[in-house]
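Undergrad: data01.cif is reproduced in full below (mmCIF, C-alpha atoms).
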```cif
data_model
#
loop_
_atom_site.label_atom_id
_atom_site.label_comp_id
_atom_site.auth_asym_id
_atom_site.auth_seq_id
_atom_site.Cartn_x
_atom_site.Cartn_y
_atom_site.Cartn_z
CA MET P 146 -36.22 -55.42 5.94
CA PRO P 147 -39.89 -55.55 6.91
CA SER P 148 -41.96 -58.30 5.34
CA GLY P 149 -44.46 -57.79 2.54
CA SER P 150 -44.17 -56.74 -1.07
CA GLY P 151 -41.82 -53.83 -1.55
CA PRO P 152 -39.33 -52.37 -3.99
CA GLU P 153 -36.79 -55.10 -3.31
CA ASP P 154 -39.17 -57.56 -4.96
CA SER P 155 -39.26 -55.62 -8.25
CA GLU P 156 -36.85 -55.14 -11.04
CA PRO P 157 -34.90 -51.90 -10.85
CA GLY P 158 -36.91 -49.06 -12.26
CA LEU P 159 -40.29 -50.87 -12.06
CA PRO P 160 -43.08 -50.26 -9.56
CA PRO P 161 -43.67 -52.80 -6.77
CA ALA P 162 -45.96 -55.75 -7.58
CA GLY P 163 -49.44 -55.96 -6.11
CA ASP P 164 -52.05 -53.46 -5.05
CA GLY P 165 -50.54 -52.57 -1.72
CA ALA P 166 -47.59 -53.14 0.53
CA ALA P 167 -46.89 -53.61 4.15
CA GLY P 168 -44.07 -51.69 5.84
CA PRO P 169 -42.39 -48.28 5.55
CA ASP P 170 -40.83 -49.01 2.15
CA ALA P 171 -44.16 -49.39 0.44
CA GLY P 172 -44.54 -47.33 -2.71
CA ARG P 173 -40.83 -46.34 -2.88
CA ARG P 174 -39.08 -46.72 -6.22
CA ARG P 175 -35.59 -48.05 -6.42
CA PRO P 176 -33.42 -45.79 -8.59
CA GLY P 177 -32.85 -47.19 -12.03
CA GLY P 178 -29.84 -47.56 -14.28
CA LEU P 179 -26.35 -46.89 -13.00
CA LEU P 180 -27.70 -45.07 -9.94
CA GLY P 181 -29.77 -48.13 -9.07
CA ARG P 182 -26.82 -50.48 -9.35
CA LEU P 183 -24.73 -48.14 -7.21
CA THR P 184 -27.38 -48.06 -4.51
CA GLN P 185 -27.55 -51.86 -4.54
CA LEU P 186 -23.81 -51.99 -4.00
CA ALA P 187 -23.94 -49.28 -1.30
CA TRP P 188 -26.81 -50.77 0.66
CA PRO P 189 -26.83 -54.58 -0.01
CA GLY P 190 -29.69 -56.35 1.64
CA ALA P 191 -31.01 -53.14 3.14
CA SER P 192 -33.49 -50.52 2.16
CA PRO P 193 -31.66 -47.92 0.05
CA PRO P 194 -32.27 -44.24 0.65
CA SER P 195 -34.87 -42.40 -1.33
CA ARG P 196 -34.00 -40.45 -4.44
CA ARG P 197 -34.23 -37.27 -2.36
CA GLY P 198 -31.81 -38.73 0.18
CA ILE P 199 -29.35 -39.64 -2.55
CA THR P 200 -29.64 -36.13 -3.97
CA LEU P 201 -28.87 -34.65 -0.56
CA LEU P 202 -25.90 -36.97 -0.14
CA VAL P 203 -24.53 -36.01 -3.56
CA ALA P 204 -25.07 -32.32 -2.75
CA ALA P 205 -23.32 -32.74 0.61
CA ALA P 206 -20.41 -34.48 -1.08
CA GLY P 207 -20.21 -31.71 -3.66
CA LEU P 208 -20.29 -29.09 -0.92
CA LEU P 209 -17.52 -30.90 0.93
CA VAL P 210 -15.38 -30.98 -2.21
CA ALA P 211 -16.09 -27.29 -2.82
CA LEU P 212 -15.07 -26.44 0.76
CA ILE P 213 -11.85 -28.41 0.41
CA VAL P 214 -11.04 -26.64 -2.87
CA ALA P 215 -11.89 -23.23 -1.35
CA ALA P 216 -9.63 -23.92 1.61
CA THR P 217 -6.80 -25.08 -0.64
CA LEU P 218 -6.80 -22.70 -3.60
CA PRO P 219 -5.58 -19.11 -3.04
CA VAL P 220 -7.73 -16.18 -4.17
CA PRO P 221 -6.37 -13.12 -6.04
CA TYR P 222 -7.01 -10.72 -3.17
CA VAL P 223 -4.97 -9.14 -0.39
CA ALA P 224 -6.12 -8.14 3.08
CA LEU P 225 -4.87 -4.81 4.43
CA THR P 226 -4.63 -4.55 8.22
CA PRO P 227 -3.36 -1.88 10.65
CA GLY P 228 0.41 -2.27 10.97
CA PRO P 229 2.92 -1.17 13.61
CA THR P 230 3.36 2.51 14.47
CA LEU P 231 6.71 3.95 15.57
CA ASN P 232 7.60 7.25 17.26
CA THR P 233 10.15 9.07 15.10
CA LEU P 234 11.26 10.89 18.26
CA GLY P 235 11.66 7.66 20.22
CA LYS P 236 13.85 4.60 20.19
CA LEU P 237 13.84 1.25 18.45
CA SER P 238 15.81 -1.65 19.91
CA GLY P 239 17.43 0.76 22.37
CA LYS P 240 18.66 3.21 19.72
CA PRO P 241 17.11 6.50 18.57
CA LEU P 242 14.95 5.91 15.54
CA ILE P 243 16.42 9.10 14.04
CA GLN P 244 20.12 9.57 14.72
CA VAL P 245 21.82 12.85 13.74
CA SER P 246 25.58 13.17 13.34
CA GLY P 247 27.43 16.43 12.71
CA HIS P 248 24.67 18.81 13.80
CA ARG P 249 23.38 20.02 17.15
CA THR P 250 20.26 18.28 18.44
CA TYR P 251 17.68 19.31 21.04
CA PRO P 252 15.56 17.40 23.56
CA THR P 253 12.21 16.17 22.28
CA SER P 254 8.93 15.21 23.90
CA GLY P 255 5.63 13.71 22.82
CA HIS P 256 5.05 11.62 19.73
CA LEU P 257 5.43 12.11 15.99
CA ASN P 258 4.50 8.62 14.93
CA MET P 259 4.84 7.08 11.51
CA VAL P 260 2.16 4.50 10.74
CA THR P 261 2.11 1.43 8.54
CA VAL P 262 -0.18 -1.08 6.85
CA SER P 263 0.39 -4.82 6.93
CA TYR P 264 -0.95 -7.13 4.25
CA ILE P 265 -2.00 -10.76 4.15
CA GLY P 266 -1.90 -12.65 0.87
CA GLY P 267 -0.19 -11.99 -2.42
CA PRO P 268 1.61 -14.19 -4.97
CA GLN P 269 2.56 -17.68 -3.79
CA SER P 270 0.53 -17.27 -0.59
CA ARG P 271 -2.21 -19.46 0.90
CA PHE P 272 -4.72 -16.63 1.26
CA ASN P 273 -8.02 -18.43 0.64
CA VAL P 274 -11.65 -17.39 0.45
CA PHE P 275 -12.23 -18.03 4.16
CA ALA P 276 -9.31 -15.76 5.15
CA ALA P 277 -10.61 -13.13 2.74
CA LEU P 278 -14.11 -13.35 4.23
CA ARG P 279 -12.74 -13.12 7.77
CA SER P 280 -10.75 -10.00 6.86
CA TRP P 281 -13.72 -8.51 5.05
CA LEU P 282 -15.83 -8.90 8.19
CA THR P 283 -13.16 -7.25 10.38
CA PRO P 284 -14.02 -3.52 10.68
CA ASP P 285 -10.47 -2.10 10.40
CA ASN P 286 -9.38 -4.40 7.57
CA ALA P 287 -9.87 -4.07 3.83
CA VAL P 288 -9.79 -6.69 1.09
CA VAL P 289 -8.47 -5.41 -2.25
CA PRO P 290 -7.57 -7.03 -5.57
CA GLU P 291 -4.05 -8.40 -5.60
CA GLU P 292 -3.03 -6.18 -8.53
CA GLU P 293 -3.48 -3.08 -6.35
CA ILE P 294 -0.48 -4.21 -4.29
CA PHE P 295 1.50 -6.41 -6.67
CA THR P 296 2.38 -5.75 -10.28
CA PRO P 297 1.27 -8.76 -12.36
CA GLY P 298 4.08 -11.30 -12.39
CA GLN P 299 5.77 -9.73 -9.37
CA THR P 300 6.75 -11.96 -6.45
CA GLN P 301 6.54 -11.06 -2.77
CA LYS P 302 10.34 -10.95 -2.64
CA GLN P 303 10.40 -8.42 -5.47
CA VAL P 304 7.77 -6.31 -3.72
CA GLN P 305 9.79 -6.35 -0.51
CA GLN P 306 12.90 -5.27 -2.42
CA GLN P 307 10.94 -2.46 -4.05
CA ASP P 308 9.53 -1.37 -0.69
CA THR P 309 13.05 -1.31 0.79
CA GLU P 310 14.30 0.90 -2.04
CA GLN P 311 11.32 3.24 -1.63
CA MET P 312 11.96 3.50 2.09
CA THR P 313 15.61 4.44 1.49
CA SER P 314 14.56 7.04 -1.08
CA SER P 315 11.89 8.45 1.26
CA GLN P 316 14.46 8.91 4.04
CA GLN P 317 16.71 10.88 1.69
CA ALA P 318 13.76 12.98 0.51
CA ALA P 319 12.73 13.57 4.13
CA GLN P 320 16.13 14.95 5.07
CA ALA P 321 16.14 17.09 1.92
CA ALA P 322 12.65 18.43 2.71
CA ALA P 323 13.60 19.15 6.34
CA LEU P 324 16.76 21.03 5.41
CA CYS P 325 14.99 22.84 2.58
CA GLN P 326 12.28 23.94 5.03
CA LEU P 327 14.95 25.23 7.44
CA ASN P 328 16.97 26.92 4.63
CA ILE P 329 20.03 24.78 5.42
CA SER P 330 22.11 24.59 2.26
CA PHE P 331 22.80 21.25 0.55
CA LYS P 332 23.42 20.04 -3.00
CA THR P 333 20.78 18.50 -5.27
CA VAL P 334 22.25 16.21 -7.94
CA ASP P 335 19.98 15.43 -10.92
CA THR P 336 21.83 12.80 -12.95
CA ILE P 337 20.64 11.63 -16.36
CA ALA P 338 20.06 7.88 -16.03
CA GLY P 339 18.93 7.32 -19.62
CA VAL P 340 18.07 9.05 -22.90
CA GLU P 341 15.01 8.05 -24.91
CA LYS P 342 15.44 7.37 -28.62
CA GLY P 343 13.56 9.64 -30.97
CA LYS P 344 13.31 12.48 -28.46
CA PRO P 345 15.13 15.86 -28.61
CA ALA P 346 17.81 14.79 -26.09
CA ALA P 347 18.85 11.75 -28.14
CA GLY P 348 22.36 12.19 -29.51
CA VAL P 349 22.83 15.36 -27.47
CA LEU P 350 22.68 14.44 -23.81
CA ARG P 351 24.25 11.31 -22.29
CA ALA P 352 23.70 9.03 -19.35
CA GLY P 353 25.87 10.35 -16.52
CA ASP P 354 25.38 14.03 -17.39
CA VAL P 355 24.31 16.07 -14.35
CA ILE P 356 21.73 18.79 -15.01
CA THR P 357 22.76 21.80 -12.95
CA ALA P 358 20.38 24.45 -14.35
CA VAL P 359 17.30 24.74 -16.56
CA GLY P 360 16.75 28.02 -18.39
CA GLY P 361 19.34 29.62 -16.13
CA THR P 362 17.54 28.57 -12.92
CA PRO P 363 19.82 26.44 -10.72
CA VAL P 364 18.60 22.99 -9.80
CA ASN P 365 17.97 22.81 -6.04
CA CYS P 366 15.46 21.49 -3.51
CA HIS P 367 12.89 24.06 -4.58
CA HIS P 368 13.23 23.37 -8.30
CA ASP P 369 14.35 20.00 -9.62
CA ALA P 370 15.23 19.54 -13.30
CA ALA P 371 12.04 17.70 -14.22
CA ALA P 372 9.80 20.34 -12.62
CA LEU P 373 11.66 23.17 -14.36
CA ILE P 374 11.28 21.46 -17.75
CA ARG P 375 7.58 20.74 -17.15
CA ALA P 376 6.99 24.41 -16.28
CA ARG P 377 7.32 25.30 -19.98
CA HIS P 378 4.72 25.09 -22.71
CA ALA P 379 4.87 21.86 -24.67
CA GLY P 380 7.02 22.43 -27.74
CA ALA P 381 8.78 25.47 -26.30
CA PRO P 382 12.59 25.47 -26.37
CA VAL P 383 14.59 24.95 -23.20
CA THR P 384 18.23 25.53 -22.31
CA LEU P 385 19.92 22.92 -20.11
CA THR P 386 23.21 23.43 -18.32
CA VAL P 387 24.91 20.12 -17.61
CA SER P 388 28.11 18.97 -15.98
CA ARG P 389 29.87 16.36 -18.11
CA HIS P 390 33.10 14.89 -16.74
CA GLY P 391 33.45 17.96 -14.54
CA GLN P 392 33.02 20.42 -17.41
CA SER P 393 29.96 22.67 -17.66
CA GLN P 394 28.18 22.68 -21.03
CA THR P 395 24.97 24.29 -22.30
CA PHE P 396 22.50 22.73 -24.73
CA ARG P 397 19.38 24.23 -26.29
CA LEU P 398 16.62 21.72 -27.03
CA ASN P 399 13.01 21.88 -28.14
CA THR P 400 10.54 20.14 -25.85
CA VAL P 401 7.93 17.77 -27.27
CA ASN P 402 4.39 17.17 -26.10
CA VAL P 403 3.78 13.80 -24.43
CA SER P 404 0.24 13.53 -23.06
CA GLY P 405 0.14 17.27 -22.48
CA THR P 406 3.52 17.35 -20.71
CA PRO P 407 6.64 18.99 -22.20
CA VAL P 408 9.62 16.60 -22.21
CA VAL P 409 13.07 16.35 -23.78
CA GLY P 410 13.37 12.58 -23.37
CA VAL P 411 15.63 11.97 -20.38
CA GLN P 412 15.20 9.90 -17.22
CA VAL P 413 16.63 11.68 -14.19
CA SER P 414 17.85 10.12 -10.96
CA GLU P 415 17.92 12.55 -8.04
CA SER P 416 20.32 12.38 -5.10
CA PHE P 417 21.58 14.79 -2.48
CA VAL P 418 24.82 15.79 -0.77
CA PHE P 419 24.07 16.86 2.81
CA PRO P 420 26.27 18.84 5.24
CA PHE P 421 25.58 16.34 8.02
CA GLN P 422 24.27 12.80 8.36
CA VAL P 423 20.86 11.54 9.43
CA HIS P 424 20.43 7.81 9.95
CA ILE P 425 16.94 6.34 10.32
CA SER P 426 16.49 2.81 11.70
CA ILE P 427 13.06 1.17 11.39
CA GLY P 428 13.81 -2.52 10.88
CA ASP P 429 12.23 -4.26 7.91
CA ILE P 430 9.46 -1.71 7.27
CA GLY P 431 9.32 -0.56 3.65
CA GLY P 432 7.53 1.88 1.38
CA PRO P 433 7.59 5.66 0.91
CA SER P 434 4.64 6.82 3.02
CA ALA P 435 6.53 7.72 6.21
CA GLY P 436 8.43 10.56 4.52
CA MET P 437 6.50 13.46 6.02
CA MET P 438 6.76 12.10 9.57
CA PHE P 439 10.51 11.53 9.12
CA ALA P 440 10.90 15.14 7.98
CA LEU P 441 8.94 16.43 11.00
CA GLY P 442 11.01 14.23 13.31
CA ILE P 443 14.27 15.57 11.87
CA ILE P 444 13.11 19.17 12.23
CA ASP P 445 12.02 18.57 15.82
CA LYS P 446 15.40 17.06 16.67
CA ILE P 447 17.68 19.67 15.08
CA THR P 448 15.73 22.79 16.18
CA PRO P 449 14.41 24.01 19.54
CA ALA P 450 10.86 23.68 18.18
CA ASP P 451 8.56 21.38 20.12
CA LEU P 452 6.21 20.33 17.34
CA PRO P 453 4.09 17.78 19.24
CA ASN P 454 3.91 19.94 22.39
CA GLY P 455 3.40 16.82 24.49
CA ARG P 456 0.64 15.46 22.24
CA PHE P 457 0.49 12.02 20.64
CA ILE P 458 0.54 12.93 16.96
CA ALA P 459 0.66 10.43 14.12
CA GLY P 460 0.51 10.88 10.39
CA THR P 461 1.39 9.69 6.93
CA GLY P 462 2.33 11.05 3.53
CA GLU P 463 5.02 10.65 0.91
CA ILE P 464 7.36 13.66 0.86
CA GLU P 465 9.19 15.39 -1.96
CA ALA P 466 12.37 17.41 -1.54
CA ASN P 467 10.45 20.66 -2.03
CA GLY P 468 8.14 19.72 0.86
CA GLN P 469 5.13 18.62 -1.16
CA VAL P 470 3.10 15.90 0.60
CA ASP P 471 1.71 13.25 -1.74
CA PRO P 472 -1.17 10.80 -1.12
CA ILE P 473 -0.68 7.23 0.05
CA GLY P 474 -2.66 3.99 0.32
CA GLY P 475 -4.29 2.27 3.28
CA ILE P 476 -5.10 5.44 5.18
CA GLN P 477 -8.11 3.86 6.92
CA GLN P 478 -5.95 1.11 8.38
CA LYS P 479 -3.29 3.66 9.33
CA MET P 480 -5.78 5.83 11.21
CA ALA P 481 -7.05 2.76 13.08
CA GLY P 482 -3.50 1.71 13.99
CA ALA P 483 -2.65 5.23 15.15
CA ARG P 484 -5.71 5.49 17.37
CA ASP P 485 -5.12 2.04 18.84
CA ALA P 486 -1.59 3.18 19.76
CA GLY P 487 -2.95 6.26 21.55
CA ALA P 488 -2.80 9.04 18.93
CA THR P 489 -5.29 11.88 19.24
CA VAL P 490 -4.15 13.89 16.18
CA PHE P 491 -3.53 12.50 12.70
CA LEU P 492 -1.85 14.35 9.82
CA ALA P 493 -3.32 13.21 6.49
CA PRO P 494 -2.40 14.21 2.93
CA ALA P 495 -5.03 16.54 1.49
CA ALA P 496 -5.51 14.24 -1.49
CA ASN P 497 -6.51 11.41 0.90
CA CYS P 498 -9.23 13.38 2.71
CA ALA P 499 -12.00 11.74 0.69
CA ASP P 500 -10.71 8.33 1.81
CA THR P 501 -11.10 9.26 5.48
CA ALA P 502 -14.83 9.98 5.22
CA GLY P 503 -16.77 7.80 7.64
CA ALA P 504 -13.63 5.96 8.75
CA VAL P 505 -12.12 8.27 11.37
CA PRO P 506 -11.89 6.41 14.72
CA PRO P 507 -13.59 8.08 17.70
CA GLY P 508 -11.20 10.35 19.57
CA LEU P 509 -8.93 11.00 16.56
CA ARG P 510 -8.70 14.46 14.99
CA VAL P 511 -7.61 14.45 11.34
CA ILE P 512 -5.67 17.48 10.04
CA LYS P 513 -5.33 18.05 6.30
CA VAL P 514 -1.84 18.87 4.99
CA SER P 515 -0.46 19.36 1.49
CA THR P 516 3.07 20.56 2.30
CA LEU P 517 5.63 20.14 5.06
CA ASN P 518 5.34 23.83 5.84
CA GLY P 519 1.58 23.42 6.11
CA ALA P 520 2.01 20.56 8.57
CA ILE P 521 4.30 22.65 10.78
CA THR P 522 1.92 25.62 10.59
CA ALA P 523 -1.00 23.39 11.58
CA LEU P 524 0.87 21.93 14.57
CA ASN P 525 1.84 25.40 15.78
CA ALA P 526 -1.78 26.55 15.39
CA LEU P 527 -2.95 23.50 17.32
CA ARG P 528 -0.62 24.37 20.17
CA GLN P 529 -1.98 27.92 20.25
CA GLY P 530 -5.61 26.76 20.13
CA LYS P 531 -6.18 28.24 16.69
CA PRO P 532 -8.25 26.66 13.89
CA VAL P 533 -6.54 24.02 11.72
CA PRO P 534 -7.61 22.59 8.35
CA SER P 535 -9.46 19.32 8.75
CA CYS P 536 -10.55 16.56 6.41
#
```
Please express the file's structure as structure tokens.
TA:
Amino acid sequence: MPSGSGPEDSEPGLPPAGDGAAGPDAGRRRPGGLLGRLTQLAWPGASPPSRRGITLLVAAAGLLVALIVAATLPVPYVALTPGPTLNTLGKLSGKPLIQVSGHRTYPTSGHLNMVTVSYIGGPQSRFNVFAALRSWLTPDNAVVPEEEIFTPGQTQKQVQQQDTEQMTSSQQAAQAAALCQLNISFKTVDTIAGVEKGKPAAGVLRAGDVITAVGGTPVNCHHDAAALIRARHAGAPVTLTVSRHGQSQTFRLNTVNVSGTPVVGVQVSESFVFPFQVHISIGDIGGPSAGMMFALGIIDKITPADLPNGRFIAGTGEIEANGQVDPIGGIQQKMAGARDAGATVFLAPAANCADTAGAVPPGLRVIKVSTLNGAITALNALRQGKPVPSC
């Protein structure tokens, strides 16, 4: 310490003695109370830092603790990133992605790529604020609340199981839609999985009953049981023909209004019996959004049609057996992944067009589709140089 009167000569909390002081510590107050005693312990025999210095040190320590906590604690967000894209007309691990058994197939060319979204984060993950910020700053990524991807209380394993089931269902729906589009006959089986108490079907219909007709209209790929029931006015009667233990029976029920929709109170599980087999192999990818591209791939393989006409076409959309194309999530990441892979044309569900605004990568043309037939019509028009609907 420099010589002369200074704060070390005074009692803690009191001003230095004398009129003046020699040295750089002159006029500096030693912190009082507990803070003063701590500074004496921290800097024995030396000039302690000023109150401002101590404040900065405390702030720095607090910041360090906050950074450690931020790096350790997960945040309830998920980052969506462009995932892998696969050609439904190509191969995966040396085998055709779409394999057809029991029906003639034709040579294919070009690409009809399905696209995917990968996610980072979720329950029991270490997705922290820094990872979220990094993803947020990445142009092709999106950061969304965790509940948009995971049902509250749902684990990643449960989500993966759900995605696997949805993928299996989408492959069945894709084959149904393809065959329905081509007028190839197959059987639609609408089985009652459960009956709701207090509704018209309670005590009349049973789990295991198969609905074969509604109001005399046979259940098929164009008209499933649920759609035929919903086509009525709420409260209007409906006649259901069901197969129970191999015997056909007819029941007349009144529908009831539930949120504006006519129902009889049954849960229906739909399956199909096809005249030939289609096996789709895509590894551990899950979810329902590749349905439309599977259906297009099947049609291209089992008919002489050349849908891509040598182009690199990608797309997305959940498919129903009647060919309706439903909206999906993550379309911005899917467009980016498709363009990165080389796609120049992208088929997007009409209901997702608003989500593509301002996010279409340069060099990618987005075509709006609402049905499988509409997608085929658009691809044929593209080949002929005719106008196509765009988002």
Undergrad: Could you work out an axis-aligned bounding box for all listed atoms of stretch 444-460 of chain P, with 6 Å added on each of the six sides, and give its centre and edge lengths in Å to one decimal, as AutoDock Vina command-line options?
TA:
```
--center_x 9.1 --center_y 17.2 --center_z 17.4 --size_x 29.2 --size_y 25.6 --size_z 26.1
```
Undergrad: Using all atoms listed in the file, can you tell me which of P:Thr296, P:Ser388, P:Gln529, P:Asn402 comes closest to P:Leu350?
TA: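 Closest residue, counting all atoms listed in the file: P:Ser388.
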Undergrad: Find, counting all atoms listed in the file, the residue in P:Leu257, P:Ala346, P:Ile265, P:Ala276 that gets nearest to P:Asn454.
TA: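 Nearest to P:Asn454: P:Leu257.
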Undergrad: Could you state which residues are captured by the PyMOL selection byres ((chain P and resi 516) around 7) in this file, as a ChimeraX atom specification?
TA: /P:468-470,514-515,517-520
Undergrad: Could you state which residues are captured by the PyMOL selection byres ((chain P and resi 498-500) around 9) in this file, as a list in words?
TA: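 Expected selection for the PyMOL selection byres ((chain P and resi 498-500) around 9) here is Gly475, Ile476, Gln477, Ala493, Pro494, Ala495, Ala496, Asn497, Thr501, Ala502, Gly503, Ala504, Val511, Lys513, Ser535 and Cys536 of chain P.
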Undergrad: Name the residues that the PyMOL selection byres ((chain P and resi 370-381) around 9) pulls out of this structure, and write them as a ChimeraX atom specification.
TA: /P:335,356-360,362-365,368-369,382-383,385,398-403,405-409,412-413
Undergrad: Just write the chosen residues, C-alpha atoms, as a PDB file, keeping the file's coordinate frame.
TA:
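Once written, selection-v9.pdb looks like this:
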```pdb
ATOM      1  CA  ASP P 335      19.980  15.430 -10.920  1.00  0.00           C
ATOM      2  CA  ILE P 356      21.730  18.790 -15.010  1.00  0.00           C
ATOM      3  CA  THR P 357      22.760  21.800 -12.950  1.00  0.00           C
ATOM      4  CA  ALA P 358      20.380  24.450 -14.350  1.00  0.00           C
ATOM      5  CA  VAL P 359      17.300  24.740 -16.560  1.00  0.00           C
ATOM      6  CA  GLY P 360      16.750  28.020 -18.390  1.00  0.00           C
ATOM      7  CA  THR P 362      17.540  28.570 -12.920  1.00  0.00           C
ATOM      8  CA  PRO P 363      19.820  26.440 -10.720  1.00  0.00           C
ATOM      9  CA  VAL P 364      18.600  22.990  -9.800  1.00  0.00           C
ATOM     10  CA  ASN P 365      17.970  22.810  -6.040  1.00  0.00           C
ATOM     11  CA  HIS P 368      13.230  23.370  -8.300  1.00  0.00           C
ATOM     12  CA  ASP P 369      14.350  20.000  -9.620  1.00  0.00           C
ATOM     13  CA  PRO P 382      12.590  25.470 -26.370  1.00  0.00           C
ATOM     14  CA  VAL P 383      14.590  24.950 -23.200  1.00  0.00           C
ATOM     15  CA  LEU P 385      19.920  22.920 -20.110  1.00  0.00           C
ATOM     16  CA  LEU P 398      16.620  21.720 -27.030  1.00  0.00           C
ATOM     17  CA  ASN P 399      13.010  21.880 -28.140  1.00  0.00           C
ATOM     18  CA  THR P 400      10.540  20.140 -25.850  1.00  0.00           C
ATOM     19  CA  VAL P 401       7.930  17.770 -27.270  1.00  0.00           C
ATOM     20  CA  ASN P 402       4.390  17.170 -26.100  1.00  0.00           C
ATOM     21  CA  VAL P 403       3.780  13.800 -24.430  1.00  0.00           C
ATOM     22  CA  GLY P 405       0.140  17.270 -22.480  1.00  0.00           C
ATOM     23  CA  THR P 406       3.520  17.350 -20.710  1.00  0.00           C
ATOM     24  CA  PRO P 407       6.640  18.990 -22.200  1.00  0.00           C
ATOM     25  CA  VAL P 408       9.620  16.600 -22.210  1.00  0.00           C
ATOM     26  CA  VAL P 409      13.070  16.350 -23.780  1.00  0.00           C
ATOM     27  CA  GLN P 412      15.200   9.900 -17.220  1.00  0.00           C
ATOM     28  CA  VAL P 413      16.630  11.680 -14.190  1.00  0.00           C
TER      29      VAL P 413
END
```
Undergrad: Atom CA of P:Pro284 and atom CA of P:Thr226, how far apart in Å?
TA: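 Atom CA of P:Pro284 lies at a distance of 9.8 Å from atom CA of P:Thr226.
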Undergrad: Give me, please, the distance in Å between atom CA of P:Thr230 and atom CA of P:Val260, quoted to one decimal.
TA: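 Computing it gives 4.4 Å between the two atoms.
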Undergrad: Neighbouring residues of P:Ile243 were defined as those with any atom within 7 Å, considering all atoms listed in the file; residues of the same chain fewer than 6 positions away were excluded. Please report them as a PyMOL selection string.
TA: chain P and resi 233-234+423-426
Undergrad: Just want the 12 Å neighbourhood of P:Leu327, counted on only C-alpha atoms, with same-chain residues fewer than 3 positions away dropped. Output as a list in words.
TA: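 The residues that qualify are Gln320, Ala321, Ala322, Ala323, Leu324, Ser330, Phe331, Cys366, Ala440, Leu441, Ile443, Ile444, Asp445, Ile447, Thr448, Ala450, Asn467, Gly468, Leu517, Asn518 and Ile521 of chain P.
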Undergrad: If you measure from atom CA of P:Gly431 to atom CA of P:Leu237, what distance in Å do you get, rounded to one decimal?
TA: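 Interatomic distance, atom CA of P:Gly431 to atom CA of P:Leu237: 15.6 Å.
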Undergrad: Which residue, P:Val387, P:Glu415, P:Ala466, P:Leu492, has the smallest gap to P:Thr522 when you use all atoms listed in the file?
TA: P:Leu492
